[in-house]
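Colleague: Got work_10.cif for you, mmCIF, C-alpha atoms:
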```cif
data_start
loop_
_atom_site.label_atom_id
_atom_site.label_comp_id
_atom_site.auth_asym_id
_atom_site.auth_seq_id
_atom_site.Cartn_x
_atom_site.Cartn_y
_atom_site.Cartn_z
CA MET T 26 118.25 150.84 12.38
CA ASN T 27 115.81 147.97 12.17
CA ALA T 28 114.57 146.27 15.33
CA MET T 29 117.21 143.53 15.25
CA GLN T 30 120.06 146.02 14.87
CA ARG T 31 118.62 148.20 17.63
CA ALA T 32 118.34 145.30 20.08
CA MET T 33 121.74 143.81 19.27
CA THR T 34 123.44 147.19 19.65
CA ALA T 35 121.91 147.67 23.08
CA ILE T 36 122.80 144.11 24.13
CA GLY T 37 126.37 144.81 23.03
CA HIS T 38 126.48 147.76 25.48
CA ASN T 39 126.52 150.35 22.74
CA GLU T 40 124.03 153.08 21.93
CA PRO T 41 121.56 152.38 19.10
CA ASP T 42 119.38 154.99 17.42
CA GLN T 43 116.85 154.76 20.26
CA VAL T 44 116.11 152.63 23.30
CA PRO T 45 114.66 149.29 22.15
CA VAL T 46 111.14 148.50 23.39
CA PHE T 47 110.09 144.91 24.01
CA HIS T 48 106.35 144.72 24.64
CA LEU T 49 106.02 141.16 25.92
CA LEU T 50 102.47 140.48 24.82
CA SER T 51 101.24 136.94 25.34
CA TYR T 52 97.63 136.39 26.42
CA TYR T 53 97.09 140.11 25.72
CA GLY T 54 96.81 138.92 22.14
CA ALA T 55 93.50 137.21 22.97
CA LYS T 56 92.14 140.61 23.99
CA GLU T 57 93.46 142.13 20.78
CA ALA T 58 91.94 139.33 18.67
CA GLY T 59 88.62 139.34 20.55
CA LEU T 60 88.87 135.64 21.43
CA PRO T 61 88.73 133.60 24.66
CA VAL T 62 92.26 132.93 25.89
CA LYS T 63 92.00 129.16 25.44
CA ASP T 64 90.66 129.45 21.89
CA TYR T 65 93.29 132.03 21.00
CA PHE T 66 96.23 129.84 21.97
CA SER T 67 94.76 126.83 20.18
CA ARG T 68 95.12 128.59 16.80
CA PRO T 69 98.75 129.27 15.81
CA GLU T 70 97.75 131.18 12.70
CA ILE T 71 95.70 133.63 14.77
CA VAL T 72 98.48 134.02 17.37
CA ALA T 73 101.04 134.72 14.64
CA GLU T 74 98.76 137.16 12.85
CA THR T 75 98.01 138.99 16.11
CA GLN T 76 101.69 139.16 17.06
CA LEU T 77 102.41 140.80 13.71
CA ARG T 78 99.60 143.29 14.20
CA MET T 79 100.48 144.15 17.82
CA ARG T 80 104.17 144.67 17.05
CA GLU T 81 103.26 147.20 14.39
CA LYS T 82 100.52 148.86 16.43
CA TYR T 83 102.54 149.31 19.62
CA SER T 84 105.97 149.89 18.00
CA SER T 85 107.54 146.90 19.72
CA ASP T 86 111.01 145.76 18.73
CA CYS T 87 110.28 142.06 19.14
CA PHE T 88 107.81 139.24 18.64
CA TYR T 89 106.99 137.08 21.66
CA THR T 90 105.91 133.47 21.16
CA PHE T 91 105.29 132.76 24.86
CA ALA T 92 101.84 131.29 25.46
CA TYR T 93 101.48 130.61 29.20
CA ALA T 94 103.72 129.41 32.02
CA PRO T 95 102.05 126.00 32.58
CA VAL T 96 102.30 125.00 28.91
CA GLU T 97 105.29 122.89 29.94
CA VAL T 98 103.30 121.31 32.76
CA GLU T 99 100.64 120.59 30.15
CA ALA T 100 103.28 118.85 28.02
CA PHE T 101 104.04 116.59 30.99
CA GLY T 102 100.33 115.74 31.25
CA GLY T 103 99.43 118.29 33.92
CA GLU T 104 96.33 120.47 34.15
CA VAL T 105 95.96 124.06 32.92
CA LEU T 106 93.25 126.39 34.22
CA PHE T 107 92.04 129.11 31.84
CA THR T 108 90.39 132.39 32.83
CA GLU T 109 88.66 135.06 30.78
CA ASP T 110 91.00 137.99 31.37
CA GLY T 111 94.12 136.61 33.01
CA PRO T 112 97.04 134.29 32.32
CA PRO T 113 96.36 130.54 32.35
CA ASN T 114 97.57 128.87 35.55
CA ALA T 115 98.68 125.38 36.51
CA GLY T 116 96.12 123.16 38.18
CA GLU T 117 96.86 120.55 40.84
CA PRO T 118 100.54 119.49 40.82
CA PHE T 119 100.93 116.28 38.82
CA ILE T 120 103.84 114.98 40.92
CA LYS T 121 102.13 113.63 44.02
CA ASN T 122 105.15 112.07 45.75
CA PHE T 123 108.91 112.05 45.40
CA GLU T 124 109.05 108.41 44.29
CA GLN T 125 107.05 109.37 41.21
CA ILE T 126 110.01 111.41 39.93
CA LYS T 127 111.80 108.18 38.98
CA THR T 128 109.00 107.21 36.58
CA ILE T 129 108.44 110.52 34.77
CA GLU T 130 109.26 110.57 31.08
CA ILE T 131 110.49 113.62 29.20
CA PRO T 132 107.77 114.90 26.83
CA ASP T 133 108.29 114.44 23.11
CA ILE T 134 108.48 118.04 21.88
CA ILE T 135 107.08 117.32 18.42
CA GLN T 136 104.28 115.03 19.61
CA SER T 137 103.13 117.41 22.35
CA LYS T 138 100.17 119.37 20.93
CA PRO T 139 100.59 122.52 23.08
CA LEU T 140 104.32 122.72 22.31
CA ALA T 141 103.79 121.95 18.63
CA ARG T 142 101.36 124.88 18.42
CA ILE T 143 104.04 127.26 19.73
CA LEU T 144 106.56 125.91 17.23
CA GLU T 145 104.07 126.47 14.42
CA THR T 146 103.44 130.01 15.66
CA THR T 147 107.19 130.63 15.63
CA ARG T 148 107.56 129.32 12.08
CA LEU T 149 104.69 131.49 10.85
CA ILE T 150 106.13 134.63 12.44
CA LYS T 151 109.58 133.84 11.08
CA GLN T 152 108.19 133.82 7.54
CA SER T 153 107.22 137.47 7.98
CA ALA T 154 109.97 138.70 10.31
CA ALA T 155 112.93 137.34 8.36
CA ASP T 156 116.00 138.48 10.30
CA GLU T 157 114.95 142.06 10.90
CA ILE T 158 112.89 141.61 14.08
CA PRO T 159 113.86 139.45 17.08
CA ILE T 160 111.57 136.52 17.87
CA ILE T 161 111.70 135.65 21.56
CA GLY T 162 110.94 132.09 22.60
CA VAL T 163 110.46 131.06 26.22
CA VAL T 164 111.35 128.20 28.55
CA MET T 165 110.75 127.74 32.25
CA SER T 166 114.03 127.08 34.01
CA PRO T 167 114.51 123.51 35.25
CA PHE T 168 114.96 124.99 38.73
CA SER T 169 111.71 127.00 38.76
CA LEU T 170 109.45 124.59 36.85
CA PRO T 171 108.98 122.28 39.90
CA VAL T 172 106.91 124.97 41.64
CA MET T 173 104.17 123.96 39.19
CA GLN T 174 105.14 120.29 39.00
CA LEU T 175 105.13 119.72 42.77
CA GLY T 176 103.70 122.78 44.45
CA PHE T 177 105.93 125.26 46.26
CA GLU T 178 105.80 123.73 49.74
CA LYS T 179 106.67 120.22 48.56
CA TYR T 180 109.36 121.60 46.29
CA LEU T 181 111.06 123.36 49.19
CA GLU T 182 111.13 120.03 51.00
CA LEU T 183 112.73 118.50 47.92
CA ILE T 184 115.42 121.18 47.76
CA TYR T 185 116.36 121.07 51.43
CA SER T 186 115.71 117.47 52.45
CA ARG T 187 115.62 115.19 49.40
CA LYS T 188 118.91 115.81 47.64
CA GLU T 189 118.89 112.65 45.50
CA ALA T 190 115.33 113.19 44.27
CA PHE T 191 116.13 116.86 43.64
CA SER T 192 119.08 115.87 41.44
CA GLN T 193 116.88 113.40 39.55
CA LEU T 194 114.26 116.05 38.86
CA MET T 195 116.86 118.59 37.77
CA GLN T 196 118.37 116.11 35.32
CA LEU T 197 114.93 115.38 33.88
CA ASN T 198 113.97 119.05 33.63
CA GLU T 199 117.32 120.09 32.19
CA GLU T 200 117.01 117.60 29.34
CA PHE T 201 113.50 118.79 28.60
CA CYS T 202 114.43 122.48 28.83
CA VAL T 203 117.37 122.14 26.44
CA ALA T 204 115.32 120.17 23.92
CA TRP T 205 112.43 122.64 24.13
CA ALA T 206 114.67 125.70 23.80
CA ASN T 207 116.57 124.30 20.85
CA ALA T 208 113.35 123.25 19.10
CA GLN T 209 112.14 126.85 19.30
CA LEU T 210 115.43 128.16 17.95
CA GLN T 211 115.26 125.68 15.10
CA ALA T 212 111.71 126.82 14.34
CA GLY T 213 112.92 130.41 13.96
CA ALA T 214 113.27 131.98 17.40
CA THR T 215 116.14 134.46 17.66
CA ALA T 216 116.72 134.04 21.39
CA ILE T 217 115.31 132.24 24.42
CA CYS T 218 113.92 133.87 27.54
CA TYR T 219 114.84 131.63 30.48
CA PHE T 220 112.26 132.32 33.18
CA ASP T 221 113.81 131.64 36.57
CA PRO T 222 111.89 133.46 39.33
CA LEU T 223 113.43 131.24 42.03
CA ALA T 224 116.81 132.78 41.20
CA SER T 225 115.65 135.96 42.89
CA PRO T 226 116.54 136.43 46.57
CA ALA T 227 112.91 137.46 46.99
CA MET T 228 112.03 133.79 46.51
CA ILE T 229 114.91 131.82 47.97
CA GLU T 230 118.09 132.76 49.80
CA LYS T 231 121.07 133.39 47.57
CA LYS T 232 123.27 130.75 49.22
CA THR T 233 120.78 128.03 48.38
CA TYR T 234 120.32 129.34 44.84
CA LEU T 235 124.08 129.25 44.22
CA GLU T 236 124.22 125.65 45.40
CA THR T 237 121.25 124.54 43.29
CA GLY T 238 119.54 126.72 40.66
CA TYR T 239 122.71 128.55 39.66
CA LYS T 240 124.51 125.31 38.83
CA THR T 241 121.43 124.13 36.97
CA ALA T 242 121.36 127.36 34.95
CA CYS T 243 125.05 127.09 34.04
CA ARG T 244 124.59 123.54 32.78
CA THR T 245 121.38 124.27 30.92
CA ILE T 246 122.18 127.60 29.31
CA GLY T 247 125.51 126.22 28.14
CA ARG T 248 123.63 123.69 26.00
CA ILE T 249 121.10 126.07 24.46
CA LYS T 250 122.17 126.82 20.89
CA GLY T 251 121.35 130.51 20.86
CA ALA T 252 121.29 133.69 22.91
CA VAL T 253 119.61 133.51 26.32
CA ALA T 254 117.96 136.15 28.48
CA THR T 255 117.27 135.28 32.11
CA HIS T 256 114.09 136.75 33.56
CA LEU T 257 113.19 136.69 37.26
CA ALA T 258 109.49 137.45 36.61
CA SER T 259 109.45 140.66 38.70
CA GLY T 260 111.72 139.26 41.42
CA ILE T 261 114.51 141.57 42.57
CA SER T 262 117.76 141.05 40.69
CA LEU T 263 120.43 143.33 42.16
CA PRO T 264 122.00 140.74 44.51
CA VAL T 265 122.43 138.21 41.69
CA VAL T 266 123.45 140.37 38.72
CA ASP T 267 126.99 138.96 38.60
CA ASP T 268 125.74 135.41 39.10
CA ILE T 269 123.18 135.63 36.28
CA ALA T 270 125.78 137.17 33.97
CA SER T 271 128.17 134.30 34.67
CA THR T 272 125.59 131.69 33.58
CA GLY T 273 126.03 132.86 30.01
CA SER T 274 122.91 135.00 29.85
CA ALA T 275 123.18 138.09 27.65
CA VAL T 276 120.14 139.86 29.14
CA LEU T 277 118.61 140.13 32.60
CA GLY T 278 114.99 141.04 33.31
CA PHE T 279 115.02 143.30 36.37
CA SER T 280 112.28 144.30 38.79
CA ALA T 281 110.30 147.45 39.43
CA GLN T 282 111.43 146.91 43.02
CA ASP T 283 115.11 147.14 42.09
CA ASN T 284 117.10 150.35 42.48
CA ILE T 285 117.54 151.29 38.82
CA GLU T 286 120.83 153.17 39.19
CA ALA T 287 122.36 150.42 41.34
CA VAL T 288 121.35 147.66 38.92
CA LYS T 289 122.62 149.69 35.97
CA GLN T 290 125.99 150.13 37.67
CA ALA T 291 126.21 146.45 38.61
CA ALA T 292 125.31 145.31 35.09
CA LYS T 293 127.52 147.76 33.20
CA GLY T 294 129.53 145.95 30.55
CA LYS T 295 128.38 142.55 31.86
CA ILE T 296 124.75 142.01 30.98
CA CYS T 297 122.03 144.02 29.22
CA LEU T 298 119.02 145.00 31.32
CA LEU T 299 115.40 144.36 30.34
CA GLY T 300 112.68 146.15 32.28
CA ASN T 301 111.51 147.50 34.59
CA LEU T 302 108.00 149.01 34.25
CA SER T 303 105.45 147.56 36.67
CA GLY T 304 102.65 145.86 34.76
CA ILE T 305 100.34 146.17 37.76
CA GLU T 306 100.90 149.93 37.98
CA MET T 307 100.63 150.29 34.19
CA ALA T 308 97.02 149.11 34.40
CA GLY T 309 96.13 152.35 36.21
CA TRP T 310 98.39 154.84 34.46
CA ASP T 311 97.17 157.86 32.51
CA ALA T 312 99.23 159.51 29.77
CA LYS T 313 101.17 161.75 32.17
CA GLN T 314 102.07 158.91 34.54
CA THR T 315 103.20 156.81 31.59
CA ARG T 316 105.46 159.54 30.25
CA THR T 317 106.92 160.22 33.69
CA ALA T 318 107.73 156.56 34.37
CA VAL T 319 109.24 155.91 30.94
CA GLN T 320 111.28 159.11 30.92
CA SER T 321 112.60 158.35 34.41
CA LEU T 322 113.73 154.87 33.41
CA ILE T 323 115.42 156.16 30.28
CA THR T 324 117.21 158.94 32.17
CA LYS T 325 118.47 156.59 34.85
CA ALA T 326 119.46 153.54 32.79
CA ALA T 327 119.69 154.16 29.04
CA SER T 328 122.99 156.03 28.65
CA GLY T 329 125.74 153.88 27.17
CA GLY T 330 123.30 151.28 25.88
CA GLY T 331 122.65 148.08 27.79
CA LEU T 332 118.92 148.75 28.27
CA ILE T 333 115.84 147.29 26.62
CA LEU T 334 112.68 148.93 27.92
CA SER T 335 109.97 146.47 28.89
CA ASP T 336 107.62 145.48 31.68
CA ASN T 337 109.19 143.87 34.75
CA HIS T 338 107.27 140.58 34.78
CA GLY T 339 107.66 139.29 31.25
CA GLU T 340 103.95 139.46 30.48
CA ILE T 341 101.84 142.58 30.05
CA PRO T 342 98.52 142.19 31.89
CA TRP T 343 95.20 142.17 30.06
CA GLN T 344 94.11 145.16 32.16
CA VAL T 345 96.78 147.52 30.77
CA PRO T 346 94.98 149.95 28.40
CA GLU T 347 96.23 150.07 24.84
CA ASP T 348 96.64 153.83 25.24
CA VAL T 349 99.40 153.16 27.78
CA LEU T 350 101.29 150.97 25.32
CA LEU T 351 100.90 153.58 22.61
CA GLU T 352 102.10 156.32 24.98
CA ILE T 353 105.17 154.27 25.90
CA ALA T 354 106.14 154.13 22.23
CA GLU T 355 105.64 157.87 21.78
CA THR T 356 107.63 158.70 24.90
CA VAL T 357 110.54 156.56 23.76
CA LYS T 358 110.54 158.31 20.40
CA THR T 359 110.63 161.67 22.19
CA TYR T 360 113.04 160.99 25.07
CA GLY T 361 114.72 157.71 24.16
CA THR T 362 116.72 158.71 21.09
CA TYR T 363 120.49 158.72 21.53
CA PRO T 364 122.36 160.57 22.86
CA ILE T 365 120.10 160.57 25.89
CA LYS T 366 119.39 164.02 27.26
CA ALA T 367 119.09 164.71 30.97
CA LYS T 368 115.72 165.94 32.27
#
```
Step by step, read the file and then write its structure as structure tokens.

Modeller:
Amino acid sequence: MNAMQRAMTAIGHNEPDQVPVFHLLSYYGAKEAGLPVKDYFSRPEIVAETQLRMREKYSSDCFYTFAYAPVEVEAFGGEVLFTEDGPPNAGEPFIKNFEQIKTIEIPDIIQSKPLARILETTRLIKQSAADEIPIIGVVMSPFSLPVMQLGFEKYLELIYSRKEAFSQLMQLNEEFCVAWANAQLQAGATAICYFDPLASPAMIEKKTYLETGYKTACRTIGRIKGAVATHLASGISLPVVDDIASTGSAVLGFSAQDNIEAVKQAAKGKICLLGNLSGIEMAGWDAKQTRTAVQSLITKAASGGGLILSDNHGEIPWQVPEDVLLEIAETVKTYGTYPIKAK
């Protein structure tokens, strides 16, 4: 099987030749290319070339065009803070008061330089990948994006106390999210990863999510013209497996904090799982620890398909040694071929 066939078989809850591996490598590419993170992401041809090289080197079954979480804030005119060996972060929230929401304009996807660079990266990768390797684009969910737009404390006030302004911001963000997702699909992305950390009960109580972010997800995902995977960015997922599945998502990124067997049972036949290796722990693993963790995940969750092995956050940290990524690939080849054998 090629990488596309392997992934689609797993997503369809059938057993492929081996467990698919999605190494979600974003700013890790700057390390691979030997460039400062900011310079790396400013050069689509280098990002595309590095994605091609890393996929081959680490035996990943996907390309990942994600740059950094605040790229969408940047498109709105917000600030991005770059570091030498970590993911870029959002600066001061650009929405200073709730009245400002009425005046915000949706960014023009094509005219936005940071977004245009990602689209160019996607097109360049597509020229090489054809239809044999999945290309994963990324959007921030309209419900989770305001954490960077407003700041978390002010956003909680918006959710609980400013219903009209909340609805206005959701409408704005939904329109942007749909346009941004569909632009990536048109540029060559195979599927869209819908990052929605606030959907996790670790971030906000489920009742509130169902009244707000869940409805937003249903509306938004229904308008995206391609397959969608919802990722909770290491937030626990077990309590919302059924809810995420009912939004139309085909894949769910689950946490290293989740009970693997319980999540597997809850997701069976409903939604494919993506995860759940801890990127933080991976930074300190040796070869034996890597093999143990990967084999354990495969044994507990791979049978019957429905599993794509990946990290649990959606972004492999700079500090993870390349030997760990190489060992993951070797362990999957040894223990992750179907039919899965018990330990």

Colleague: Using only C-alpha atoms, what does the table of segment 184-277 of chain T residues within 12 Å of segment 44-57 of chain T look like, with each row giving the shortest atom pair and its distance in Å to one decimal, sorted by chain and ascending number, as a tab-separated table?

Modeller:
```
residue	atom	partner	partner_atom	distance
T:Cys218	CA	T:Leu49	CA	10.9
T:His256	CA	T:Leu49	CA	12.0
T:Ala258	CA	T:Leu49	CA	11.8
```

Colleague: Taking only residues of segment 235-302 of chain T that have an atom at most 7 Å from an atom of segment 334-348 of chain T, what is each one's shortest atom pair and its distance in Å to one decimal, using all atoms listed in the file, in chain and number order, as a tab-separated table?

Modeller:
```
residue	atom	partner	partner_atom	distance
T:Ala258	CA	T:His338	CA	4.3
T:Ser259	CA	T:His338	CA	4.5
T:Gly278	CA	T:Asn337	CA	6.6
T:Phe279	CA	T:Asn337	CA	6.1
T:Ser280	CA	T:Asn337	CA	5.1
T:Ala281	CA	T:Asn337	CA	6.0
T:Leu299	CA	T:Leu334	CA	5.8
T:Gly300	CA	T:Ser335	CA	4.4
T:Asn301	CA	T:Asn337	CA	4.3
T:Leu302	CA	T:Asp336	CA	4.4
```

Colleague: Tell me which residues the PyMOL selection byres ((chain T and resi 221-235) around 9) grabs here, as an MDAnalysis selection string.

Modeller: chainID T and resid 165:170 184:185 219:220 236:240 242 255:265 268:269

Colleague: Just the residues within 12 Å of Ile129 of chain T, please, counting only C-alpha atoms, with nothing from its chain fewer than 6 positions along; format it as a PyMOL selection string.

Modeller: chain T and resi 100-103+119-123+174+193-194+196-198+201

Colleague: With only C-alpha atoms as the counted atoms, please give the residues lying no more than 10 Å from segment 39-43 of chain T, apart from itself and same-chain residues fewer than 2 positions off, as a PDB file with C-alpha atoms, keeping the file's coordinate frame.

Modeller:
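File produced: result-v5.pdb:
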```pdb
ATOM      1  CA  MET T  26     118.250 150.840  12.380  1.00  0.00           C
ATOM      2  CA  ASN T  27     115.810 147.970  12.170  1.00  0.00           C
ATOM      3  CA  GLN T  30     120.060 146.020  14.870  1.00  0.00           C
ATOM      4  CA  ARG T  31     118.620 148.200  17.630  1.00  0.00           C
ATOM      5  CA  ALA T  32     118.340 145.300  20.080  1.00  0.00           C
ATOM      6  CA  MET T  33     121.740 143.810  19.270  1.00  0.00           C
ATOM      7  CA  THR T  34     123.440 147.190  19.650  1.00  0.00           C
ATOM      8  CA  ALA T  35     121.910 147.670  23.080  1.00  0.00           C
ATOM      9  CA  ILE T  36     122.800 144.110  24.130  1.00  0.00           C
ATOM     10  CA  GLY T  37     126.370 144.810  23.030  1.00  0.00           C
ATOM     11  CA  PRO T  45     114.660 149.290  22.150  1.00  0.00           C
ATOM     12  CA  VAL T  46     111.140 148.500  23.390  1.00  0.00           C
ATOM     13  CA  GLY T 294     129.530 145.950  30.550  1.00  0.00           C
ATOM     14  CA  ALA T 327     119.690 154.160  29.040  1.00  0.00           C
ATOM     15  CA  SER T 328     122.990 156.030  28.650  1.00  0.00           C
ATOM     16  CA  GLY T 329     125.740 153.880  27.170  1.00  0.00           C
ATOM     17  CA  GLY T 330     123.300 151.280  25.880  1.00  0.00           C
ATOM     18  CA  GLY T 331     122.650 148.080  27.790  1.00  0.00           C
ATOM     19  CA  LEU T 332     118.920 148.750  28.270  1.00  0.00           C
ATOM     20  CA  ILE T 333     115.840 147.290  26.620  1.00  0.00           C
ATOM     21  CA  VAL T 357     110.540 156.560  23.760  1.00  0.00           C
ATOM     22  CA  LYS T 358     110.540 158.310  20.400  1.00  0.00           C
ATOM     23  CA  THR T 359     110.630 161.670  22.190  1.00  0.00           C
ATOM     24  CA  TYR T 360     113.040 160.990  25.070  1.00  0.00           C
ATOM     25  CA  GLY T 361     114.720 157.710  24.160  1.00  0.00           C
ATOM     26  CA  THR T 362     116.720 158.710  21.090  1.00  0.00           C
ATOM     27  CA  TYR T 363     120.490 158.720  21.530  1.00  0.00           C
ATOM     28  CA  PRO T 364     122.360 160.570  22.860  1.00  0.00           C
ATOM     29  CA  ILE T 365     120.100 160.570  25.890  1.00  0.00           C
TER      30      ILE T 365
END
```

Colleague: Would you work out the distance separating atom CA of Gly273 of chain T from atom CA of Arg80 of chain T, expressed in Å to one decimal?

Modeller: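 That distance, rounded to one decimal, is 28.0 Å.
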
Colleague: Between atom CA of Gln320 of chain T and atom CA of Ile161 of chain T, measure the distance and give it in Å to one decimal.

Modeller: 25.3 Å

Colleague: Which one is closest to Glu81 of chain T: T:Ile246, T:Thr147, T:Ala354, T:Ala254? Count only C-alpha atoms.

Modeller: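 Looking only at the distances to Glu81 of chain T, the closest residue turns out to be T:Ala354.
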
Colleague: What's the separation between atom CA of Leu351 of chain T and atom CA of Ala308 of chain T, in Å to one decimal place?

Modeller: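 Taking atom CA of Leu351 of chain T as the start and atom CA of Ala308 of chain T as the end point, the length is 13.2 Å.
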
Colleague: For Asp64 of chain T, please output as a tab-separated table (two decimals) with C-alpha atoms, in the coordinates of the input all residues within 12 Å (counting all atoms listed in the file; exclusion window: fewer than 2 positions along the same chain).

Modeller:
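selection-v5.tsv written:
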```tsv
chain	number	residue	atom	x	y	z
T	52	TYR	CA	97.63	136.39	26.42
T	54	GLY	CA	96.81	138.92	22.14
T	55	ALA	CA	93.50	137.21	22.97
T	56	LYS	CA	92.14	140.61	23.99
T	58	ALA	CA	91.94	139.33	18.67
T	59	GLY	CA	88.62	139.34	20.55
T	60	LEU	CA	88.87	135.64	21.43
T	61	PRO	CA	88.73	133.60	24.66
T	62	VAL	CA	92.26	132.93	25.89
T	66	PHE	CA	96.23	129.84	21.97
T	67	SER	CA	94.76	126.83	20.18
T	68	ARG	CA	95.12	128.59	16.80
T	69	PRO	CA	98.75	129.27	15.81
T	70	GLU	CA	97.75	131.18	12.70
T	71	ILE	CA	95.70	133.63	14.77
T	72	VAL	CA	98.48	134.02	17.37
T	92	ALA	CA	101.84	131.29	25.46
T	107	PHE	CA	92.04	129.11	31.84
T	108	THR	CA	90.39	132.39	32.83
T	109	GLU	CA	88.66	135.06	30.78
T	113	PRO	CA	96.36	130.54	32.35
```

Colleague: Could you tell me which of T:Val164, T:Ala73, T:Ala155, T:Ala206 comes closest to Glu97 of chain T if we count only C-alpha atoms?

Modeller: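 Among the listed residues, T:Val164 lies closest to Glu97 of chain T.
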
Colleague: Selected by the PyMOL selection byres ((chain T and resi 158) around 6) in the shown coordinates: which residues, as an MDAnalysis selection string?

Modeller: chainID T and resid 28:29 87 154 156:157 159

Colleague: From the options T:Thr315, T:Thr128, T:Ala212, T:Val253, which residue's atoms come nearest to Ala270 of chain T, counting only C-alpha atoms?

Modeller: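 For Ala270 of chain T, the nearest of the candidates is T:Val253.
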
Colleague: From (108.4, 121.5, 20.2), in the file's coordinates, out to 12 Å: which residues are reached, counting all atoms listed in the file? Answer as a count of residues only.

Modeller: 37

Colleague: Hey, which of T:Ile353, T:Val105, T:Ile305, T:Ala252 ends up closest to Ala318 of chain T? Count all atoms listed in the file.

Modeller: T:Ile353

Colleague: With all atoms listed in the file as the atoms that count, which of T:Lys289, T:Glu352, T:Met195, T:Asp283 lies nearest to Gln314 of chain T?

Modeller: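 Of the candidates, the smallest distance to Gln314 of chain T is held by T:Glu352.
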
Colleague: So, counting all atoms listed in the file, which residue among T:Ala312, T:Gln76, T:Lys325, T:Phe91 is closest to Lys366 of chain T?

Modeller: T:Lys325

Colleague: Contacts of Glu182 of chain T at 12 Å or less, counting all atoms listed in the file, minus same-chain residues fewer than 3 places along, as a list in words?

Modeller: Asn122, Phe123, Pro171, Val172, Leu175, Gly176, Phe177, Glu178, Lys179, Tyr185, Ser186, Arg187, Lys188, Ala190 and Phe191 of chain T

Colleague: Mind filling out segment 195-206 of chain T with N, CA and C atoms and sending it as a JSON list (two decimals), keeping the file's coordinate frame?

Modeller:
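Output file out00.json is given in full below:
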```
[["chain", "number", "residue", "atom", "x", "y", "z"],
["T", 195, "MET", "N", 116.10, 117.61, 38.54],
["T", 195, "MET", "CA", 116.86, 118.59, 37.77],
["T", 195, "MET", "C", 117.37, 117.98, 36.47],
["T", 196, "GLN", "N", 117.86, 116.76, 36.53],
["T", 196, "GLN", "CA", 118.37, 116.11, 35.32],
["T", 196, "GLN", "C", 117.26, 115.95, 34.29],
["T", 197, "LEU", "N", 116.09, 115.53, 34.75],
["T", 197, "LEU", "CA", 114.93, 115.38, 33.88],
["T", 197, "LEU", "C", 114.54, 116.72, 33.25],
["T", 198, "ASN", "N", 114.40, 117.74, 34.10],
["T", 198, "ASN", "CA", 113.97, 119.05, 33.63],
["T", 198, "ASN", "C", 115.00, 119.72, 32.73],
["T", 199, "GLU", "N", 116.27, 119.51, 33.03],
["T", 199, "GLU", "CA", 117.32, 120.09, 32.19],
["T", 199, "GLU", "C", 117.26, 119.52, 30.77],
["T", 200, "GLU", "N", 117.09, 118.22, 30.66],
["T", 200, "GLU", "CA", 117.01, 117.60, 29.34],
["T", 200, "GLU", "C", 115.82, 118.14, 28.56],
["T", 201, "PHE", "N", 114.70, 118.25, 29.25],
["T", 201, "PHE", "CA", 113.50, 118.79, 28.60],
["T", 201, "PHE", "C", 113.71, 120.24, 28.19],
["T", 202, "CYS", "N", 114.24, 121.05, 29.09],
["T", 202, "CYS", "CA", 114.43, 122.48, 28.83],
["T", 202, "CYS", "C", 115.33, 122.71, 27.63],
["T", 203, "VAL", "N", 116.44, 121.99, 27.56],
["T", 203, "VAL", "CA", 117.37, 122.14, 26.44],
["T", 203, "VAL", "C", 116.71, 121.75, 25.13],
["T", 204, "ALA", "N", 116.00, 120.63, 25.14],
["T", 204, "ALA", "CA", 115.32, 120.17, 23.92],
["T", 204, "ALA", "C", 114.25, 121.17, 23.48],
["T", 205, "TRP", "N", 113.50, 121.71, 24.44],
["T", 205, "TRP", "CA", 112.43, 122.64, 24.13],
["T", 205, "TRP", "C", 112.99, 123.97, 23.62],
["T", 206, "ALA", "N", 114.04, 124.46, 24.25],
["T", 206, "ALA", "CA", 114.67, 125.70, 23.80],
["T", 206, "ALA", "C", 115.23, 125.56, 22.39]]
```
